[in-house]
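Peer 1: Hey, dropping upload-v2.pdb in here, PDB, C-alpha atoms, pLDDT in the B column:
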ATOM      1  CA  MET O   1      58.975  91.179   2.401  1.00 65.00           C
ATOM      2  CA  ARG O   2      59.869  94.728   1.468  1.00 80.00           C
ATOM      3  CA  GLY O   3      57.573  97.115  -0.325  1.00 92.00           C
ATOM      4  CA  PHE O   4      53.827  97.090  -0.788  1.00 96.00           C
ATOM      5  CA  PHE O   5      51.193  96.243  -3.321  1.00 97.00           C
ATOM      6  CA  GLY O   6      47.640  97.174  -4.078  1.00 97.00           C
ATOM      7  CA  ILE O   7      45.181  95.525  -6.407  1.00 97.00           C
ATOM      8  CA  GLY O   8      42.084  96.753  -8.160  1.00 95.00           C
ATOM      9  CA  VAL O   9      39.649  96.354 -11.009  1.00 95.00           C
ATOM     10  CA  TYR O  10      38.632  98.674 -13.840  1.00 94.00           C
ATOM     11  CA  HIS O  11      34.859  98.603 -14.375  1.00 90.00           C
ATOM     12  CA  PRO O  12      34.212  95.301 -12.599  1.00 82.00           C
ATOM     13  CA  LYS O  13      31.500  93.177 -14.165  1.00 76.00           C
ATOM     14  CA  ARG O  14      30.314  91.091 -11.214  1.00 70.00           C
ATOM     15  CA  SER O  15      30.376  92.312  -7.629  1.00 71.00           C
ATOM     16  CA  SER O  16      30.681  88.743  -6.329  1.00 71.00           C
ATOM     17  CA  ASN O  17      34.020  88.405  -8.136  1.00 76.00           C
ATOM     18  CA  ILE O  18      35.254  91.543  -6.429  1.00 81.00           C
ATOM     19  CA  GLY O  19      34.354  90.145  -3.006  1.00 81.00           C
ATOM     20  CA  THR O  20      36.371  87.007  -3.748  1.00 85.00           C
ATOM     21  CA  LEU O  21      39.326  89.065  -5.020  1.00 89.00           C
ATOM     22  CA  TRP O  22      39.277  91.229  -1.881  1.00 87.00           C
ATOM     23  CA  ARG O  23      39.268  88.126   0.314  1.00 87.00           C
ATOM     24  CA  SER O  24      42.332  86.794  -1.540  1.00 93.00           C
ATOM     25  CA  ALA O  25      43.999  90.216  -1.295  1.00 94.00           C
ATOM     26  CA  ASN O  26      43.560  90.178   2.472  1.00 91.00           C
ATOM     27  CA  ILE O  27      45.059  86.692   2.730  1.00 92.00           C
ATOM     28  CA  PHE O  28      47.994  87.504   0.414  1.00 95.00           C
ATOM     29  CA  GLY O  29      48.871  90.765   2.214  1.00 94.00           C
ATOM     30  CA  ALA O  30      47.654  93.561  -0.048  1.00 96.00           C
ATOM     31  CA  SER O  31      48.186  97.058   1.318  1.00 95.00           C
ATOM     32  CA  PHE O  32      45.127  98.569  -0.372  1.00 94.00           C
ATOM     33  CA  LEU O  33      42.266  97.799  -2.750  1.00 91.00           C
ATOM     34  CA  PHE O  34      40.511  99.908  -5.367  1.00 93.00           C
ATOM     35  CA  THR O  35      37.874 100.000  -8.049  1.00 92.00           C
ATOM     36  CA  ILE O  36      37.695 102.324 -11.027  1.00 94.00           C
ATOM     37  CA  GLY O  37      34.274 103.190 -12.381  1.00 89.00           C
ATOM     38  CA  GLN O  38      32.154 101.270  -9.894  1.00 69.00           C
ATOM     39  CA  ARG O  39      31.757 101.481  -6.146  1.00 59.00           C
ATOM     40  CA  TYR O  40      32.111  98.342  -4.074  1.00 57.00           C
ATOM     41  CA  LYS O  41      29.139  96.946  -2.205  1.00 60.00           C
ATOM     42  CA  HIS O  42      29.824  94.252   0.372  1.00 57.00           C
ATOM     43  CA  GLN O  43      29.579  90.759  -1.071  1.00 59.00           C
ATOM     44  CA  CYS O  44      28.952  87.514   0.780  1.00 61.00           C
ATOM     45  CA  SER O  45      32.024  86.063  -1.000  1.00 58.00           C
ATOM     46  CA  ASP O  46      34.184  88.424   1.105  1.00 61.00           C
ATOM     47  CA  THR O  47      33.660  86.553   4.366  1.00 68.00           C
ATOM     48  CA  MET O  48      36.586  88.414   5.982  1.00 70.00           C
ATOM     49  CA  LYS O  49      35.010  91.872   5.480  1.00 72.00           C
ATOM     50  CA  THR O  50      38.297  92.949   3.930  1.00 75.00           C
ATOM     51  CA  PRO O  51      37.464  96.667   3.437  1.00 73.00           C
ATOM     52  CA  TRP O  52      37.218  96.910   7.235  1.00 78.00           C
ATOM     53  CA  HIS O  53      40.890  95.873   7.480  1.00 81.00           C
ATOM     54  CA  ILE O  54      42.522  97.210   4.299  1.00 86.00           C
ATOM     55  CA  PRO O  55      41.914 100.629   2.727  1.00 86.00           C
ATOM     56  CA  LEU O  56      39.439 100.488  -0.172  1.00 86.00           C
ATOM     57  CA  VAL O  57      39.239 103.430  -2.566  1.00 90.00           C
ATOM     58  CA  GLY O  58      36.735 103.967  -5.357  1.00 90.00           C
ATOM     59  CA  TYR O  59      37.765 106.137  -8.304  1.00 94.00           C
ATOM     60  CA  ASP O  60      35.315 107.460 -10.881  1.00 93.00           C
ATOM     61  CA  THR O  61      37.825 107.554 -13.760  1.00 94.00           C
ATOM     62  CA  PHE O  62      41.208 106.122 -14.716  1.00 95.00           C
ATOM     63  CA  ASP O  63      42.683 109.642 -14.818  1.00 95.00           C
ATOM     64  CA  GLU O  64      41.557 110.265 -11.228  1.00 96.00           C
ATOM     65  CA  PHE O  65      43.136 106.955 -10.183  1.00 96.00           C
ATOM     66  CA  LEU O  66      46.374 107.679 -12.054  1.00 95.00           C
ATOM     67  CA  SER O  67      46.701 111.115 -10.432  1.00 95.00           C
ATOM     68  CA  ARG O  68      46.606 109.437  -6.999  1.00 95.00           C
ATOM     69  CA  LEU O  69      48.928 106.509  -7.705  1.00 95.00           C
ATOM     70  CA  PRO O  70      51.260 106.061  -4.708  1.00 94.00           C
ATOM     71  CA  LYS O  71      54.678 107.655  -5.175  1.00 93.00           C
ATOM     72  CA  HIS O  72      57.307 105.326  -6.705  1.00 94.00           C
ATOM     73  CA  SER O  73      54.733 102.619  -7.399  1.00 97.00           C
ATOM     74  CA  ARG O  74      54.668 100.763 -10.698  1.00 97.00           C
ATOM     75  CA  LEU O  75      51.299 100.265 -12.364  1.00 98.00           C
ATOM     76  CA  THR O  76      51.060  96.735 -13.747  1.00 98.00           C
ATOM     77  CA  GLY O  77      48.180  95.810 -16.033  1.00 98.00           C
ATOM     78  CA  ILE O  78      47.075  92.183 -16.099  1.00 97.00           C
ATOM     79  CA  GLU O  79      45.873  91.478 -19.622  1.00 96.00           C
ATOM     80  CA  LEU O  80      46.015  89.213 -22.673  1.00 93.00           C
ATOM     81  CA  ASP O  81      48.038  91.475 -24.951  1.00 92.00           C
ATOM     82  CA  ALA O  82      50.801  91.114 -27.550  1.00 91.00           C
ATOM     83  CA  LYS O  83      53.003  93.497 -25.513  1.00 93.00           C
ATOM     84  CA  ALA O  84      52.490  91.592 -22.256  1.00 96.00           C
ATOM     85  CA  LYS O  85      55.280  89.741 -20.509  1.00 97.00           C
ATOM     86  CA  PRO O  86      54.478  86.182 -19.428  1.00 97.00           C
ATOM     87  CA  ILE O  87      54.097  86.057 -15.662  1.00 97.00           C
ATOM     88  CA  GLN O  88      56.692  83.292 -15.507  1.00 97.00           C
ATOM     89  CA  ARG O  89      59.371  85.850 -16.511  1.00 96.00           C
ATOM     90  CA  PHE O  90      57.935  88.870 -14.705  1.00 97.00           C
ATOM     91  CA  VAL O  91      59.850  90.421 -11.810  1.00 96.00           C
ATOM     92  CA  HIS O  92      57.353  92.079  -9.478  1.00 97.00           C
ATOM     93  CA  PRO O  93      58.180  95.675  -8.521  1.00 96.00           C
ATOM     94  CA  GLU O  94      58.808  96.374  -4.855  1.00 96.00           C
ATOM     95  CA  GLN O  95      56.001  98.971  -4.914  1.00 97.00           C
ATOM     96  CA  ALA O  96      53.345  97.525  -7.211  1.00 97.00           C
ATOM     97  CA  VAL O  97      49.798  98.415  -8.144  1.00 98.00           C
ATOM     98  CA  TYR O  98      48.046  95.652 -10.092  1.00 98.00           C
ATOM     99  CA  LEU O  99      45.125  96.557 -12.338  1.00 98.00           C
ATOM    100  CA  LEU O 100      42.688  94.040 -13.786  1.00 96.00           C
ATOM    101  CA  GLY O 101      39.840  94.632 -16.217  1.00 91.00           C
ATOM    102  CA  ALA O 102      36.369  93.166 -16.382  1.00 83.00           C
ATOM    103  CA  GLU O 103      36.179  89.665 -17.871  1.00 78.00           C
ATOM    104  CA  ASP O 104      34.089  90.683 -20.872  1.00 82.00           C
ATOM    105  CA  TYR O 105      36.334  93.419 -22.314  1.00 85.00           C
ATOM    106  CA  GLY O 106      39.505  93.665 -20.197  1.00 90.00           C
ATOM    107  CA  LEU O 107      41.592  96.818 -20.043  1.00 95.00           C
ATOM    108  CA  PRO O 108      41.277  99.312 -22.916  1.00 95.00           C
ATOM    109  CA  GLN O 109      44.416 100.114 -24.939  1.00 95.00           C
ATOM    110  CA  SER O 110      44.335 103.687 -23.610  1.00 95.00           C
ATOM    111  CA  ILE O 111      44.757 102.329 -20.079  1.00 96.00           C
ATOM    112  CA  LEU O 112      47.361  99.731 -21.051  1.00 97.00           C
ATOM    113  CA  GLY O 113      49.379 102.634 -22.481  1.00 95.00           C
ATOM    114  CA  GLY O 114      49.481 104.180 -18.997  1.00 94.00           C
ATOM    115  CA  CYS O 115      50.875 101.025 -17.368  1.00 97.00           C
ATOM    116  CA  HIS O 116      54.558 100.618 -16.534  1.00 97.00           C
ATOM    117  CA  ALA O 117      54.264  96.910 -17.327  1.00 98.00           C
ATOM    118  CA  ILE O 118      51.704  94.477 -18.726  1.00 98.00           C
ATOM    119  CA  VAL O 119      51.636  90.894 -17.509  1.00 98.00           C
ATOM    120  CA  GLN O 120      49.859  87.949 -19.079  1.00 96.00           C
ATOM    121  CA  LEU O 121      48.840  84.744 -17.375  1.00 96.00           C
ATOM    122  CA  PRO O 122      49.110  81.396 -19.223  1.00 93.00           C
ATOM    123  CA  GLY O 123      46.290  80.502 -21.596  1.00 89.00           C
ATOM    124  CA  ASP O 124      44.546  82.040 -24.573  1.00 85.00           C
ATOM    125  CA  LEU O 125      41.277  82.961 -22.863  1.00 84.00           C
ATOM    126  CA  CYS O 126      40.583  85.421 -20.069  1.00 84.00           C
ATOM    127  CA  LEU O 127      40.169  84.138 -16.549  1.00 89.00           C
ATOM    128  CA  ASN O 128      37.657  85.188 -13.937  1.00 90.00           C
ATOM    129  CA  VAL O 129      38.943  88.461 -12.432  1.00 92.00           C
ATOM    130  CA  ALA O 130      39.151  87.001  -8.894  1.00 91.00           C
ATOM    131  CA  VAL O 131      41.113  84.000 -10.157  1.00 94.00           C
ATOM    132  CA  ALA O 132      43.493  86.121 -12.258  1.00 96.00           C
ATOM    133  CA  GLY O 133      44.166  88.542  -9.406  1.00 97.00           C
ATOM    134  CA  SER O 134      44.721  85.710  -6.941  1.00 97.00           C
ATOM    135  CA  ILE O 135      47.254  84.080  -9.274  1.00 97.00           C
ATOM    136  CA  VAL O 136      49.170  87.351  -9.634  1.00 98.00           C
ATOM    137  CA  MET O 137      49.297  87.879  -5.859  1.00 97.00           C
ATOM    138  CA  PHE O 138      50.362  84.272  -5.271  1.00 97.00           C
ATOM    139  CA  ASP O 139      53.105  84.647  -7.893  1.00 97.00           C
ATOM    140  CA  ARG O 140      54.373  87.795  -6.137  1.00 97.00           C
ATOM    141  CA  ILE O 141      54.578  86.050  -2.769  1.00 95.00           C
ATOM    142  CA  ASN O 142      55.969  82.833  -4.219  1.00 93.00           C
ATOM    143  CA  LYS O 143      58.798  84.632  -6.040  1.00 93.00           C
ATOM    144  CA  ALA O 144      59.601  86.796  -3.003  1.00 88.00           C
ATOM    145  CA  LEU O 145      59.943  83.724  -0.790  1.00 81.00           C
ATOM    146  CA  ALA O 146      61.853  81.603  -3.310  1.00 73.00           C
ATOM    147  CA  PRO O 147      65.537  81.033  -2.510  1.00 66.00           C
ATOM    148  CA  GLU O 148      67.876  82.734  -4.964  1.00 61.00           C
TER     149      GLU O 148
END
Any chance you could give the structure as structure tokens?
Peer 2:
Amino acid sequence: MRGFFGIGVYHPKRSSNIGTLWRSANIFGASFLFTIGQRYKHQCSDTMKTPWHIPLVGYDTFDEFLSRLPKHSRLTGIELDAKAKPIQRFVHPEQAVYLLGAEDYGLPQSILGGCHAIVQLPGDLCLNVAVAGSIVMFDRINKALAPE
């Protein structure tokens, strides 16, 4: 597969969810991981010790993160939002950075406004951040491997 992708969380609520997301990211081939607003502490749910194998960056603010977004990458917010495109119709960018919000309040509108795209998963309620991120990464790989 061409390109790269990174995945991260804005103000994660539960560290154990982040460990599970990082484990999935390692399995699905993420190029890098990040958090915004909270540093990552190793979690027992990350049995692969992913940050030892994939770069992990912690940003204090969204503006700091945005100023260091990899060149040519497309920031994709994962959120329940009226402007979001259903994942079933979403074409993943070759250079993608996926951003998830905490389960209790998601991504603020100010951050969604800075995204190149917003994607919504099926359902009317928010999913666990590790589950949502894993679905997005699986969808990326599944579509890339699907015959045209």
Peer 1: For a quick check of understanding, using only C-alpha atoms, which of O:Ile111, O:Cys126, O:Val91, O:Leu33 has the smallest distance to Gly8 in chain O?
Peer 2: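 That would be O:Leu33, the residue with the smallest distance to Gly8 in chain O.
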Peer 1: I'd like to see the residues matched by the PyMOL selection byres ((chain O and resi 36) around 7) on this file, and ideally I'd get them as a list in words.
Peer 2: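 Those residues are Val9, Tyr10, His11, Phe34, Thr35, Gly37, Gln38, Gly58, Tyr59, Asp60, Thr61 and Phe62 of chain O.
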Peer 1: Env of Ala96 in chain O: 7 Å cut, atoms = all atoms listed in the file, seq-sep filter 6 positions within chain, self excluded. Answer as a PyMOL selection string.
Peer 2: chain O and resi 4-6+73-76
Peer 1: Expand the PyMOL selection byres ((chain O and resi 18-23) around 12) into the individual residues it matches in the shown file, reporting them as a CSV table (one decimal) with C-alpha atoms, in the coordinates of the input.
Peer 2:
chain,number,residue,atom,x,y,z
O,6,GLY,CA,47.6,97.2,-4.1
O,7,ILE,CA,45.2,95.5,-6.4
O,8,GLY,CA,42.1,96.8,-8.2
O,9,VAL,CA,39.6,96.4,-11.0
O,10,TYR,CA,38.6,98.7,-13.8
O,11,HIS,CA,34.9,98.6,-14.4
O,12,PRO,CA,34.2,95.3,-12.6
O,13,LYS,CA,31.5,93.2,-14.2
O,14,ARG,CA,30.3,91.1,-11.2
O,15,SER,CA,30.4,92.3,-7.6
O,16,SER,CA,30.7,88.7,-6.3
O,17,ASN,CA,34.0,88.4,-8.1
O,24,SER,CA,42.3,86.8,-1.5
O,25,ALA,CA,44.0,90.2,-1.3
O,26,ASN,CA,43.6,90.2,2.5
O,27,ILE,CA,45.1,86.7,2.7
O,28,PHE,CA,48.0,87.5,0.4
O,29,GLY,CA,48.9,90.8,2.2
O,30,ALA,CA,47.7,93.6,0.0
O,31,SER,CA,48.2,97.1,1.3
O,32,PHE,CA,45.1,98.6,-0.4
O,33,LEU,CA,42.3,97.8,-2.8
O,34,PHE,CA,40.5,99.9,-5.4
O,35,THR,CA,37.9,100.0,-8.0
O,36,ILE,CA,37.7,102.3,-11.0
O,38,GLN,CA,32.2,101.3,-9.9
O,39,ARG,CA,31.8,101.5,-6.1
O,40,TYR,CA,32.1,98.3,-4.1
O,41,LYS,CA,29.1,96.9,-2.2
O,42,HIS,CA,29.8,94.3,0.4
O,43,GLN,CA,29.6,90.8,-1.1
O,44,CYS,CA,29.0,87.5,0.8
O,45,SER,CA,32.0,86.1,-1.0
O,46,ASP,CA,34.2,88.4,1.1
O,47,THR,CA,33.7,86.6,4.4
O,48,MET,CA,36.6,88.4,6.0
O,49,LYS,CA,35.0,91.9,5.5
O,50,THR,CA,38.3,92.9,3.9
O,51,PRO,CA,37.5,96.7,3.4
O,52,TRP,CA,37.2,96.9,7.2
O,53,HIS,CA,40.9,95.9,7.5
O,54,ILE,CA,42.5,97.2,4.3
O,55,PRO,CA,41.9,100.6,2.7
O,56,LEU,CA,39.4,100.5,-0.2
O,99,LEU,CA,45.1,96.6,-12.3
O,100,LEU,CA,42.7,94.0,-13.8
O,101,GLY,CA,39.8,94.6,-16.2
O,102,ALA,CA,36.4,93.2,-16.4
O,103,GLU,CA,36.2,89.7,-17.9
O,128,ASN,CA,37.7,85.2,-13.9
O,129,VAL,CA,38.9,88.5,-12.4
O,130,ALA,CA,39.2,87.0,-8.9
O,131,VAL,CA,41.1,84.0,-10.2
O,132,ALA,CA,43.5,86.1,-12.3
O,133,GLY,CA,44.2,88.5,-9.4
O,134,SER,CA,44.7,85.7,-6.9
O,135,ILE,CA,47.3,84.1,-9.3
O,136,VAL,CA,49.2,87.4,-9.6
O,137,MET,CA,49.3,87.9,-5.9
Peer 1: Do a neighbour search on Gln109 in chain O at 12 Å with all atoms listed in the file, toss out local chain neighbours closer than 6 positions, and write the hits as a list in words.
Peer 2: Gly77, Glu79, Leu80, Asp81, Ala82, Lys83, Gly101, Cys115 and Ile118 of chain O
Peer 1: Starting from the point (59.3, 89.7, -4.7), work out which residues of protein, DNA or RNA have an atom no more than 8 Å away when counting all atoms listed in the file; state them as a PDB file with C-alpha atoms, in the coordinates of the input.
Peer 2:
ATOM      1  CA  MET O   1      58.975  91.179   2.401  1.00 65.00           C
ATOM      2  CA  ARG O   2      59.869  94.728   1.468  1.00 80.00           C
ATOM      3  CA  VAL O  91      59.850  90.421 -11.810  1.00 96.00           C
ATOM      4  CA  HIS O  92      57.353  92.079  -9.478  1.00 97.00           C
ATOM      5  CA  PRO O  93      58.180  95.675  -8.521  1.00 96.00           C
ATOM      6  CA  GLU O  94      58.808  96.374  -4.855  1.00 96.00           C
ATOM      7  CA  ARG O 140      54.373  87.795  -6.137  1.00 97.00           C
ATOM      8  CA  ILE O 141      54.578  86.050  -2.769  1.00 95.00           C
ATOM      9  CA  ASN O 142      55.969  82.833  -4.219  1.00 93.00           C
ATOM     10  CA  LYS O 143      58.798  84.632  -6.040  1.00 93.00           C
ATOM     11  CA  ALA O 144      59.601  86.796  -3.003  1.00 88.00           C
ATOM     12  CA  LEU O 145      59.943  83.724  -0.790  1.00 81.00           C
TER      13      LEU O 145
END
Peer 1: Report, in Å to a single decimal, how far apart CA of Val57 in chain O and CA of Leu107 in chain O are.
Peer 2: 18.8 Å
Peer 1: Please compute the CA of Lys85 in chain O-CA of Leu112 in chain O distance, one decimal, in Å.
Peer 2: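 Distance reported for this atom pair: 12.8 Å.
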Peer 1: If we count all atoms listed in the file and set the cut-off at 8 Å, which residues sit around Ala84 in chain O, ignoring sequence neighbours fewer than 6 positions away in its own chain? Please answer as a PyMOL selection string.
Peer 2: chain O and resi 117-120
Peer 1: Could you jot down the CA of Asp104 in chain O to CA of Leu125 in chain O separation for me, Å, one decimal place?
Peer 2: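 Straight-line distance from CA of Asp104 in chain O to CA of Leu125 in chain O works out to 10.7 Å.
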Peer 1: Using only C-alpha atoms, which of O:Gly3, O:Phe65, O:Ile87, O:His72 sits nearest Pro122 in chain O?
Peer 2: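 Comparing O:Gly3, O:Phe65, O:Ile87, O:His72 against Pro122 in chain O, the winner is O:Ile87.
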Peer 1: Find the smallest box with edges along x, y and z containing every listed atom of range 102-115 of chain O, then add 6 Å on each side and report centre and edge lengths in Å to one decimal, as JSON.
Peer 2:
{"center_x": 42.5, "center_y": 96.9, "center_z": -20.7, "size_x": 28.8, "size_y": 26.5, "size_z": 20.6}
Peer 1: Of the residues O:Ala146, O:Asp139, O:Leu66, O:Pro108, which is the one nearest to Arg89 in chain O, using only C-alpha atoms?
Peer 2: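 Of the candidates, the smallest distance to Arg89 in chain O is held by O:Asp139.
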Peer 1: Return range 23-37 of chain O, completed with N, CA and C atoms, as an mmCIF file, in the coordinates of the input.
Peer 2:
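Saved as part_14.cif:
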data_model
loop_
_atom_site.group_PDB
_atom_site.id
_atom_site.type_symbol
_atom_site.label_atom_id
_atom_site.label_comp_id
_atom_site.auth_asym_id
_atom_site.auth_seq_id
_atom_site.Cartn_x
_atom_site.Cartn_y
_atom_site.Cartn_z
ATOM 1 N N ARG O 23 38.938 89.146 -0.687
ATOM 2 C CA ARG O 23 39.268 88.126 0.314
ATOM 3 C C ARG O 23 40.677 87.584 0.053
ATOM 4 N N SER O 24 40.984 87.269 -1.193
ATOM 5 C CA SER O 24 42.332 86.794 -1.540
ATOM 6 C C SER O 24 43.378 87.866 -1.239
ATOM 7 N N ALA O 25 43.060 89.115 -1.548
ATOM 8 C CA ALA O 25 43.999 90.216 -1.295
ATOM 9 C C ALA O 25 44.327 90.327 0.188
ATOM 10 N N ASN O 26 43.347 90.145 1.030
ATOM 11 C CA ASN O 26 43.560 90.178 2.472
ATOM 12 C C ASN O 26 44.490 89.040 2.891
ATOM 13 N N ILE O 27 44.248 87.862 2.381
ATOM 14 C CA ILE O 27 45.059 86.692 2.730
ATOM 15 C C ILE O 27 46.493 86.850 2.228
ATOM 16 N N PHE O 28 46.660 87.388 1.014
ATOM 17 C CA PHE O 28 47.994 87.504 0.414
ATOM 18 C C PHE O 28 48.736 88.778 0.814
ATOM 19 N N GLY O 29 48.147 89.626 1.653
ATOM 20 C CA GLY O 29 48.871 90.765 2.214
ATOM 21 C C GLY O 29 48.819 92.055 1.431
ATOM 22 N N ALA O 30 47.769 92.290 0.676
ATOM 23 C CA ALA O 30 47.654 93.561 -0.048
ATOM 24 C C ALA O 30 47.621 94.728 0.929
ATOM 25 N N SER O 31 48.169 95.849 0.496
ATOM 26 C CA SER O 31 48.186 97.058 1.318
ATOM 27 C C SER O 31 46.942 97.913 1.115
ATOM 28 N N PHE O 32 46.348 97.822 -0.079
ATOM 29 C CA PHE O 32 45.127 98.569 -0.372
ATOM 30 C C PHE O 32 44.409 97.933 -1.553
ATOM 31 N N LEU O 33 43.144 98.303 -1.702
ATOM 32 C CA LEU O 33 42.266 97.799 -2.750
ATOM 33 C C LEU O 33 41.622 98.990 -3.435
ATOM 34 N N PHE O 34 41.196 98.805 -4.690
ATOM 35 C CA PHE O 34 40.511 99.908 -5.367
ATOM 36 C C PHE O 34 39.634 99.388 -6.495
ATOM 37 N N THR O 35 38.672 100.204 -6.846
ATOM 38 C CA THR O 35 37.874 100.000 -8.049
ATOM 39 C C THR O 35 37.924 101.299 -8.847
ATOM 40 N N ILE O 36 37.783 101.164 -10.148
ATOM 41 C CA ILE O 36 37.695 102.324 -11.027
ATOM 42 C C ILE O 36 36.391 102.192 -11.794
ATOM 43 N N GLY O 37 35.515 103.163 -11.627
ATOM 44 C CA GLY O 37 34.274 103.190 -12.381
ATOM 45 C C GLY O 37 33.097 102.508 -11.726
#
